[in-house]
Each structure stands twice: as C-alpha cells, then as structure tokens.
file target-v3.txt (compact mmCIF, C-alpha atoms)
# COMPACT_ATOMS: atom_id res chain seq x y z
CA THR A 1 9.28 -2.34 -20.07
CA PRO A 2 6.19 -3.79 -18.39
CA VAL A 3 4.09 -1.40 -16.33
CA LEU A 4 3.64 -3.04 -12.95
CA CYS A 5 3.34 -2.07 -9.32
CA GLU A 6 6.64 -1.17 -7.69
CA GLY A 7 8.82 -4.13 -6.84
CA GLU A 8 7.11 -6.52 -9.25
CA ALA A 9 9.36 -5.95 -12.25
CA ASP A 10 12.14 -8.07 -10.77
CA ASP A 11 9.66 -10.85 -9.96
CA MET A 12 8.38 -10.83 -13.53
CA GLU A 13 11.86 -11.07 -15.02
CA GLY A 14 12.67 -14.02 -12.77
CA ALA A 15 9.43 -15.76 -13.73
CA SER A 16 10.12 -15.13 -17.40
CA VAL A 17 13.62 -16.62 -17.15
CA ALA A 18 12.32 -19.60 -15.18
CA SER A 19 9.64 -20.39 -17.74
CA THR A 20 11.78 -20.05 -20.88
CA GLY A 21 13.36 -23.44 -20.29
CA SER A 22 10.06 -25.37 -20.32
CA ASN A 23 9.15 -25.13 -24.03
CA ASP A 24 8.90 -22.78 -26.99
CA VAL A 25 5.16 -22.16 -26.50
CA ASP A 26 5.80 -20.78 -23.00
CA SER A 27 8.58 -18.50 -24.21
CA GLU A 28 6.42 -17.22 -27.08
CA LEU A 29 3.63 -16.61 -24.58
CA ASP A 30 6.05 -14.73 -22.29
CA VAL A 31 7.09 -12.52 -25.18
CA ALA A 32 3.47 -11.89 -26.17
CA ILE A 33 2.48 -11.01 -22.59
CA THR A 34 5.47 -8.70 -22.19
CA GLU A 35 4.52 -6.92 -25.43
CA LEU A 36 0.94 -6.52 -24.23
CA LEU A 37 2.05 -5.08 -20.89
CA SER A 38 4.62 -2.69 -22.32
CA PHE A 39 4.02 0.63 -23.96
CA SER A 40 6.92 0.26 -26.35
CA GLY A 41 6.02 2.20 -29.48
CA ALA A 42 2.85 3.56 -27.85
CA GLU A 43 4.24 5.80 -25.12
CA HIS A 44 1.39 8.25 -25.77
CA LEU A 45 -0.94 5.73 -24.08
CA LEU A 46 0.98 5.64 -20.79
CA ARG A 47 -1.11 7.97 -18.65
CA ALA A 48 -1.69 8.20 -14.92
CA ALA A 49 -3.45 10.42 -12.43
CA PRO A 50 -1.56 11.79 -9.41
CA PHE A 51 -2.62 10.53 -5.99
CA ASN A 52 -4.03 13.89 -4.91
CA VAL A 53 -6.36 13.84 -7.93
CA LEU A 54 -7.71 10.43 -6.92
CA MET A 55 -8.26 11.57 -3.34
CA ALA A 56 -9.80 14.96 -4.16
CA GLY A 57 -13.34 15.42 -2.92
CA GLY A 58 -13.16 12.33 -0.73
CA GLY A 59 -12.31 10.07 -3.67
CA GLN A 60 -15.05 11.56 -5.83
CA ILE A 61 -13.57 9.89 -8.94
CA PHE A 62 -14.59 6.50 -7.46
CA GLY A 63 -18.24 7.52 -7.18
CA SER A 64 -19.21 6.52 -10.70
CA SER A 65 -18.22 3.68 -13.00
CA ARG A 66 -18.85 5.81 -16.07
CA GLY A 67 -15.65 7.27 -17.50
CA THR A 68 -15.92 10.73 -19.01
CA GLN A 69 -13.68 13.08 -20.96
CA GLU A 70 -13.27 15.06 -17.74
CA ASP A 71 -12.00 11.93 -15.97
CA TYR A 72 -9.53 11.27 -18.79
CA ALA A 73 -8.36 14.89 -18.60
CA LEU A 74 -7.38 14.33 -14.95
CA SER A 75 -4.63 11.95 -16.10
CA ARG A 76 -1.44 13.00 -17.81
CA LEU A 77 1.38 11.44 -19.81
CA THR A 78 4.04 9.85 -17.64
CA ASP A 79 7.24 7.85 -17.95
CA SER A 80 6.27 5.34 -15.27
CA ILE A 81 3.48 4.32 -12.93
CA GLY A 82 4.42 3.99 -9.27
CA TYR A 83 1.21 2.28 -8.13
CA PHE A 84 -1.60 0.72 -10.09
CA ILE A 85 -4.86 1.28 -8.24
CA SER A 86 -7.70 -0.92 -9.36
CA HIS A 87 -11.10 -1.01 -7.76
CA ASN A 88 -14.44 -2.72 -8.08
CA TRP A 89 -17.77 -0.93 -8.19
CA SER A 90 -19.41 -2.93 -5.40
CA VAL A 91 -17.31 -1.17 -2.73
CA PRO A 92 -18.69 2.26 -1.80
CA ARG A 93 -16.62 5.34 -2.58
CA ALA A 94 -16.04 6.06 1.12
CA GLY A 95 -14.53 2.61 1.64
CA LYS A 96 -12.11 3.13 -1.24
CA PHE A 97 -11.14 6.56 0.07
CA LEU A 98 -10.52 5.20 3.58
CA ALA A 99 -8.45 2.28 2.29
CA LEU A 100 -6.24 4.60 0.24
CA ALA A 101 -5.94 7.13 3.07
CA PHE A 102 -4.86 4.44 5.52
CA ARG A 103 -2.44 2.86 3.03
CA PHE A 104 -0.71 6.05 1.94
CA ASN A 105 -1.15 8.47 4.89
CA MET A 106 -0.95 6.28 7.99
CA MET A 107 2.75 6.90 8.66
CA ASP A 108 2.26 10.67 8.34
CA ALA A 109 -0.68 10.47 10.77
CA PHE A 110 1.44 8.47 13.22
CA VAL A 111 4.23 11.07 13.03
CA ALA A 112 1.67 13.85 13.58
CA LEU A 113 0.36 11.97 16.61
CA CYS A 114 3.85 11.63 18.10
CA VAL A 115 4.66 15.31 17.50
CA CYS A 116 1.35 16.38 19.08
CA LEU A 117 1.90 14.19 22.12
CA VAL A 118 5.45 15.49 22.66
CA ILE A 119 4.28 19.11 22.35
CA CYS A 120 1.36 18.45 24.71
CA PHE A 121 3.66 16.75 27.20
CA ILE A 122 6.22 19.58 27.16
CA THR A 123 3.62 22.35 27.39
CA GLY A 124 1.76 20.45 30.10
CA VAL A 125 4.82 19.79 32.25
CA THR A 126 6.06 23.38 31.93
CA GLY A 127 2.62 24.77 32.78
CA VAL A 128 2.17 26.58 29.48
CA GLN A 129 -0.96 24.59 28.78
CA PRO A 130 -3.76 24.42 31.35
CA ALA A 131 -4.62 21.03 32.79
CA ILE A 132 -7.88 19.65 34.13
CA THR A 133 -8.60 16.82 36.53
CA THR A 134 -11.44 14.48 35.64
CA HIS A 135 -13.01 11.44 37.26
CA GLU A 136 -11.37 9.30 34.54
CA PHE A 137 -7.80 9.95 35.63
CA ASP A 138 -6.05 10.43 38.98
CA TYR A 139 -3.73 13.02 37.46
CA PRO A 140 -4.22 16.29 35.57
CA VAL A 141 -4.75 16.01 31.81
CA CYS A 142 -3.76 18.80 29.44
CA ILE A 143 -6.65 20.41 27.61
CA GLY A 144 -4.71 20.61 24.33
CA CYS A 145 -4.21 16.85 24.28
CA ARG A 146 -7.92 16.24 24.64
CA LEU A 147 -8.95 18.86 22.09
CA LEU A 148 -6.26 18.76 19.41
CA VAL A 149 -4.67 15.34 19.05
CA ILE A 150 -7.53 13.42 17.44
CA PRO A 151 -8.51 16.16 14.96
CA ILE A 152 -4.87 16.66 13.93
CA VAL A 153 -4.37 12.93 13.37
CA LEU A 154 -7.61 12.64 11.35
CA LEU A 155 -6.82 15.71 9.24
CA THR A 156 -3.34 14.31 8.55
CA LEU A 157 -4.76 10.90 7.71
CA PHE A 158 -7.30 12.24 5.24
CA PHE A 159 -5.57 15.25 3.72
CA CYS A 160 -1.79 15.03 4.21
CA ARG A 161 -0.76 13.89 0.72
CA PHE A 162 -3.34 16.13 -0.91
CA VAL A 163 -1.92 19.21 0.83
CA ARG A 164 1.68 18.10 0.22
CA ARG A 165 1.00 17.64 -3.54
CA CYS A 166 -0.77 21.00 -3.83
CA ASN A 167 2.11 22.79 -2.13
CA SER A 168 4.77 21.09 -4.26
CA GLY A 169 3.15 22.16 -7.53

call {"tool": "encode", "arguments": {"input": "target-v3.txt", "output": "structure tokens"}}
result
Amino acid sequence: TPVLCEGEADDMEGASVASTGSNDVDSELDVAITELLSFSGAEHLLRAAPFNVLMAGGGQIFGSSRGTQEDYALSRLTDSIGYFISHNWSVPRAGKFLALAFRFNMMDAFVALCVCLVICFITGVTGVQPAITTHEFDYPVCIGCRLLVIPIVLLTLFFCRFVRRCNSG
C-alpha cells in the first residue's frame, strides 16, 4: 500500500486505473512507482514521529538540517502515516512551527475562544466578574475578557496538541 497523505490513496488508484489503458510502458511505470512508494516486504522502514515530538521545543527538530541518531530515535515503527510533513531549510524554524500550529490547532483555539467568551459573558452579566469602563467603549467591559482571552487562545494554539498527546500517553 502506498504511503501518502490522507485522502490521496483513492486519487492514486484512480490515476493508476486511468493510465493503464494508454500503453504497457505506463502500466509498468505505475507498478514500479507503486512498489517504490510501498513498504511491502520492508515494514521495518515505515517509521514516523508523533506530532507532539515535531512541535516540542517550538519545533526544535526543524532547527537543523543535519539528521542525527537522536532525531531518528524520536521516530517509531508504525502501520500507517496520517500526514507527511516535508519542509525546506530556507524557511526559519519559527515559521514552520507557526504553520503547523495554525494548521493543526486552529480549531481548538477557536473553541477555546468561544468557551472563554461565553464564560466571560455569563460572569460579566451576573456580576461575578468585575467590569471597567474605558474611553474605548460606551459600556462596561469585563476584566477577565481583557486579561484572559488572548493568552488562553495563544496557549491553545501553540500547545494544545502537545498537552493532549502527553496526557493520552
């Protein structure tokens, strides 16, 4: 079975079927490519690193192009690869970390934002949370909203999957 990003296996099978009718060279090439992309008979080579390992230390693994034994030890044998993450060395480590954080944690950060806003609204309306009036707004604004929402969203964005993976074992 070819190791591809999720959702691409069906596309590859369709392309393979479509190209088999053109000529024998194409079908031989399809077979050769499929053999190169599969780990059939070499399952010991199918290794991957969990997402939390890639994101640890602000994407520290992306800081150097030199692969080491320690880097290899971060991966482990697996039956399948959910996402193939490739990167180039001209993009700084921080850019790679941010791109992955936004791609994989954005929905969790949005949910955290909604939960925070609902809690701030309820505690503000019921008077549990103190409110202040500023020159920016004509109405009182809850202190918790101003102090907590942005840090909670940023912490969720950057660390949510890392914490979830650590807690799940």

call {"tool": "atom_distance", "arguments": {"input": "target-v3.txt", "atom1": "atom CA of His44 of chain A", "atom2": "atom CA of Asp71 of chain A"}}
result
17.0 Å

call {"tool": "atom_distance", "arguments": {"input": "target-v3.txt", "atom1": "atom CA of Val115 of chain A", "atom2": "atom CA of Arg103 of chain A"}}
result
20.4 Å

call {"tool": "axis_aligned_box", "arguments": {"input": "target-v3.txt", "around": "segment 44-47 of chain A", "padding_each_side": "5 Å", "output": "JSON"}}
result
{"center_x": 0.1, "center_y": 6.9, "center_z": -22.2, "size_x": 12.5, "size_y": 12.6, "size_z": 17.1}

call {"tool": "atom_distance", "arguments": {"input": "target-v3.txt", "atom1": "atom CA of Ser90 of chain A", "atom2": "atom CA of Asn52 of chain A"}}
result
22.8 Å

call {"tool": "closest_residue", "arguments": {"input": "target-v3.txt", "among": "A:Tyr83, A:Asn105, A:Thr78, A:Ser27", "to": "Cys160 of chain A", "atoms": "all atoms listed in the file"}}
result
A:Asn105

call {"tool": "residues_around", "arguments": {"input": "target-v3.txt", "residues": "Ser86 of chain A", "least_positions_apart": "6", "cutoff": "12 Å", "atoms": "only C-alpha atoms", "output": "list of chain:residue names"}}
result
A:Cys5, A:Leu54, A:Phe62, A:Lys96, A:Leu100

call {"tool": "closest_residue", "arguments": {"input": "target-v3.txt", "among": "A:Gly41, A:Gly95, A:Pro50, A:Gly63", "to": "Arg76 of chain A", "atoms": "all atoms listed in the file"}}
result
A:Pro50

call {"tool": "closest_residue", "arguments": {"input": "target-v3.txt", "among": "A:Ala94, A:Ser38, A:Asp26, A:Ile81", "to": "Met55 of chain A", "atoms": "only C-alpha atoms"}}
result
A:Ala94

call {"tool": "decode", "arguments": {"input": "target-v3.txt", "residues": "segment 139-154 of chain A", "atoms": "all heavy atoms", "output": "PDB file, in the first residue's frame"}}
result
ATOM      1  N   TYR A 139     -19.743  51.087  27.151  1.00  0.00           N
ATOM      2  CA  TYR A 139     -20.338  50.129  28.078  1.00  0.00           C
ATOM      3  C   TYR A 139     -19.227  49.463  28.886  1.00  0.00           C
ATOM      4  O   TYR A 139     -18.066  49.469  28.487  1.00  0.00           O
ATOM      5  CB  TYR A 139     -21.158  49.079  27.312  1.00  0.00           C
ATOM      6  CG  TYR A 139     -20.399  48.457  26.168  1.00  0.00           C
ATOM      7  CD1 TYR A 139     -19.593  47.340  26.380  1.00  0.00           C
ATOM      8  CD2 TYR A 139     -20.478  48.978  24.880  1.00  0.00           C
ATOM      9  CE1 TYR A 139     -18.877  46.778  25.343  1.00  0.00           C
ATOM     10  CE2 TYR A 139     -19.777  48.413  23.835  1.00  0.00           C
ATOM     11  CZ  TYR A 139     -18.975  47.313  24.070  1.00  0.00           C
ATOM     12  OH  TYR A 139     -18.272  46.744  23.052  1.00  0.00           O
ATOM     13  N   PRO A 140     -19.588  48.902  30.042  1.00  0.00           N
ATOM     14  CA  PRO A 140     -18.567  48.246  30.870  1.00  0.00           C
ATOM     15  C   PRO A 140     -18.010  46.994  30.192  1.00  0.00           C
ATOM     16  O   PRO A 140     -18.726  46.262  29.515  1.00  0.00           O
ATOM     17  CB  PRO A 140     -19.320  47.855  32.143  1.00  0.00           C
ATOM     18  CG  PRO A 140     -20.644  48.494  32.056  1.00  0.00           C
ATOM     19  CD  PRO A 140     -20.891  48.912  30.659  1.00  0.00           C
ATOM     20  N   VAL A 141     -16.723  46.774  30.367  1.00  0.00           N
ATOM     21  CA  VAL A 141     -16.042  45.607  29.799  1.00  0.00           C
ATOM     22  C   VAL A 141     -15.487  44.779  30.955  1.00  0.00           C
ATOM     23  O   VAL A 141     -14.866  45.320  31.875  1.00  0.00           O
ATOM     24  CB  VAL A 141     -14.894  46.050  28.864  1.00  0.00           C
ATOM     25  CG1 VAL A 141     -14.151  44.842  28.323  1.00  0.00           C
ATOM     26  CG2 VAL A 141     -15.425  46.912  27.738  1.00  0.00           C
ATOM     27  N   CYS A 142     -15.717  43.480  30.894  1.00  0.00           N
ATOM     28  CA  CYS A 142     -15.246  42.592  31.955  1.00  0.00           C
ATOM     29  C   CYS A 142     -13.725  42.478  31.940  1.00  0.00           C
ATOM     30  O   CYS A 142     -13.113  42.346  30.882  1.00  0.00           O
ATOM     31  CB  CYS A 142     -15.865  41.204  31.805  1.00  0.00           C
ATOM     32  SG  CYS A 142     -17.644  41.224  31.956  1.00  0.00           S
ATOM     33  N   ILE A 143     -13.150  42.530  33.113  1.00  0.00           N
ATOM     34  CA  ILE A 143     -11.697  42.463  33.243  1.00  0.00           C
ATOM     35  C   ILE A 143     -11.163  41.119  32.752  1.00  0.00           C
ATOM     36  O   ILE A 143     -10.143  41.057  32.071  1.00  0.00           O
ATOM     37  CB  ILE A 143     -11.282  42.717  34.711  1.00  0.00           C
ATOM     38  CG1 ILE A 143     -11.617  44.152  35.091  1.00  0.00           C
ATOM     39  CG2 ILE A 143      -9.803  42.438  34.903  1.00  0.00           C
ATOM     40  CD1 ILE A 143     -11.402  44.469  36.543  1.00  0.00           C
ATOM     41  N   GLY A 144     -11.870  40.040  33.057  1.00  0.00           N
ATOM     42  CA  GLY A 144     -11.423  38.702  32.644  1.00  0.00           C
ATOM     43  C   GLY A 144     -11.298  38.576  31.145  1.00  0.00           C
ATOM     44  O   GLY A 144     -10.372  37.946  30.639  1.00  0.00           O
ATOM     45  N   CYS A 145     -12.221  39.185  30.416  1.00  0.00           N
ATOM     46  CA  CYS A 145     -12.152  39.137  28.946  1.00  0.00           C
ATOM     47  C   CYS A 145     -10.876  39.809  28.452  1.00  0.00           C
ATOM     48  O   CYS A 145     -10.209  39.307  27.568  1.00  0.00           O
ATOM     49  CB  CYS A 145     -13.356  39.831  28.330  1.00  0.00           C
ATOM     50  SG  CYS A 145     -14.865  38.878  28.480  1.00  0.00           S
ATOM     51  N   ARG A 146     -10.557  40.924  29.038  1.00  0.00           N
ATOM     52  CA  ARG A 146      -9.370  41.662  28.582  1.00  0.00           C
ATOM     53  C   ARG A 146      -8.081  40.983  28.998  1.00  0.00           C
ATOM     54  O   ARG A 146      -7.075  41.104  28.310  1.00  0.00           O
ATOM     55  CB  ARG A 146      -9.434  43.084  29.104  1.00  0.00           C
ATOM     56  CG  ARG A 146     -10.647  43.831  28.526  1.00  0.00           C
ATOM     57  CD  ARG A 146     -10.671  45.278  28.872  1.00  0.00           C
ATOM     58  NE  ARG A 146      -9.666  46.098  28.247  1.00  0.00           N
ATOM     59  CZ  ARG A 146      -9.804  46.709  27.077  1.00  0.00           C
ATOM     60  NH1 ARG A 146     -10.896  46.542  26.378  1.00  0.00           N
ATOM     61  NH2 ARG A 146      -8.857  47.481  26.612  1.00  0.00           N
ATOM     62  N   LEU A 147      -8.084  40.287  30.107  1.00  0.00           N
ATOM     63  CA  LEU A 147      -6.844  39.688  30.618  1.00  0.00           C
ATOM     64  C   LEU A 147      -6.626  38.236  30.206  1.00  0.00           C
ATOM     65  O   LEU A 147      -5.481  37.801  30.084  1.00  0.00           O
ATOM     66  CB  LEU A 147      -6.814  39.775  32.150  1.00  0.00           C
ATOM     67  CG  LEU A 147      -6.802  41.176  32.754  1.00  0.00           C
ATOM     68  CD1 LEU A 147      -6.839  41.088  34.271  1.00  0.00           C
ATOM     69  CD2 LEU A 147      -5.578  41.939  32.280  1.00  0.00           C
ATOM     70  N   LEU A 148      -7.690  37.474  30.008  1.00  0.00           N
ATOM     71  CA  LEU A 148      -7.543  36.038  29.821  1.00  0.00           C
ATOM     72  C   LEU A 148      -7.736  35.507  28.401  1.00  0.00           C
ATOM     73  O   LEU A 148      -7.119  34.512  28.031  1.00  0.00           O
ATOM     74  CB  LEU A 148      -8.514  35.305  30.752  1.00  0.00           C
ATOM     75  CG  LEU A 148      -8.288  35.479  32.241  1.00  0.00           C
ATOM     76  CD1 LEU A 148      -9.368  34.766  33.023  1.00  0.00           C
ATOM     77  CD2 LEU A 148      -6.922  34.959  32.620  1.00  0.00           C
ATOM     78  N   VAL A 149      -8.591  36.130  27.629  1.00  0.00           N
ATOM     79  CA  VAL A 149      -8.971  35.541  26.345  1.00  0.00           C
ATOM     80  C   VAL A 149      -7.777  35.359  25.413  1.00  0.00           C
ATOM     81  O   VAL A 149      -7.536  34.265  24.904  1.00  0.00           O
ATOM     82  CB  VAL A 149     -10.087  36.367  25.669  1.00  0.00           C
ATOM     83  CG1 VAL A 149     -10.328  35.888  24.252  1.00  0.00           C
ATOM     84  CG2 VAL A 149     -11.369  36.262  26.479  1.00  0.00           C
ATOM     85  N   ILE A 150      -7.002  36.387  25.174  1.00  0.00           N
ATOM     86  CA  ILE A 150      -5.889  36.275  24.234  1.00  0.00           C
ATOM     87  C   ILE A 150      -4.835  35.278  24.715  1.00  0.00           C
ATOM     88  O   ILE A 150      -4.404  34.419  23.943  1.00  0.00           O
ATOM     89  CB  ILE A 150      -5.289  37.657  23.915  1.00  0.00           C
ATOM     90  CG1 ILE A 150      -6.303  38.451  23.098  1.00  0.00           C
ATOM     91  CG2 ILE A 150      -3.963  37.528  23.170  1.00  0.00           C
ATOM     92  CD1 ILE A 150      -5.907  39.863  22.797  1.00  0.00           C
ATOM     93  N   PRO A 151      -4.406  35.321  25.983  1.00  0.00           N
ATOM     94  CA  PRO A 151      -3.436  34.302  26.409  1.00  0.00           C
ATOM     95  C   PRO A 151      -3.965  32.871  26.300  1.00  0.00           C
ATOM     96  O   PRO A 151      -3.225  31.967  25.897  1.00  0.00           O
ATOM     97  CB  PRO A 151      -3.149  34.661  27.871  1.00  0.00           C
ATOM     98  CG  PRO A 151      -3.468  36.106  27.977  1.00  0.00           C
ATOM     99  CD  PRO A 151      -4.594  36.343  27.023  1.00  0.00           C
ATOM    100  N   ILE A 152      -5.237  32.660  26.613  1.00  0.00           N
ATOM    101  CA  ILE A 152      -5.792  31.305  26.518  1.00  0.00           C
ATOM    102  C   ILE A 152      -5.826  30.838  25.070  1.00  0.00           C
ATOM    103  O   ILE A 152      -5.468  29.694  24.764  1.00  0.00           O
ATOM    104  CB  ILE A 152      -7.179  31.236  27.179  1.00  0.00           C
ATOM    105  CG1 ILE A 152      -7.017  31.299  28.693  1.00  0.00           C
ATOM    106  CG2 ILE A 152      -7.934  29.976  26.768  1.00  0.00           C
ATOM    107  CD1 ILE A 152      -8.294  31.384  29.476  1.00  0.00           C
ATOM    108  N   VAL A 153      -6.204  31.698  24.161  1.00  0.00           N
ATOM    109  CA  VAL A 153      -6.236  31.328  22.739  1.00  0.00           C
ATOM    110  C   VAL A 153      -4.815  31.030  22.247  1.00  0.00           C
ATOM    111  O   VAL A 153      -4.581  30.036  21.553  1.00  0.00           O
ATOM    112  CB  VAL A 153      -6.908  32.430  21.898  1.00  0.00           C
ATOM    113  CG1 VAL A 153      -6.700  32.187  20.414  1.00  0.00           C
ATOM    114  CG2 VAL A 153      -8.384  32.501  22.224  1.00  0.00           C
ATOM    115  N   LEU A 154      -3.850  31.859  22.596  1.00  0.00           N
ATOM    116  CA  LEU A 154      -2.470  31.628  22.149  1.00  0.00           C
ATOM    117  C   LEU A 154      -1.882  30.352  22.752  1.00  0.00           C
ATOM    118  O   LEU A 154      -1.200  29.589  22.047  1.00  0.00           O
ATOM    119  CB  LEU A 154      -1.595  32.832  22.483  1.00  0.00           C
ATOM    120  CG  LEU A 154      -1.890  34.107  21.689  1.00  0.00           C
ATOM    121  CD1 LEU A 154      -1.025  35.254  22.168  1.00  0.00           C
ATOM    122  CD2 LEU A 154      -1.715  33.869  20.199  1.00  0.00           C
TER     123      LEU A 154
END
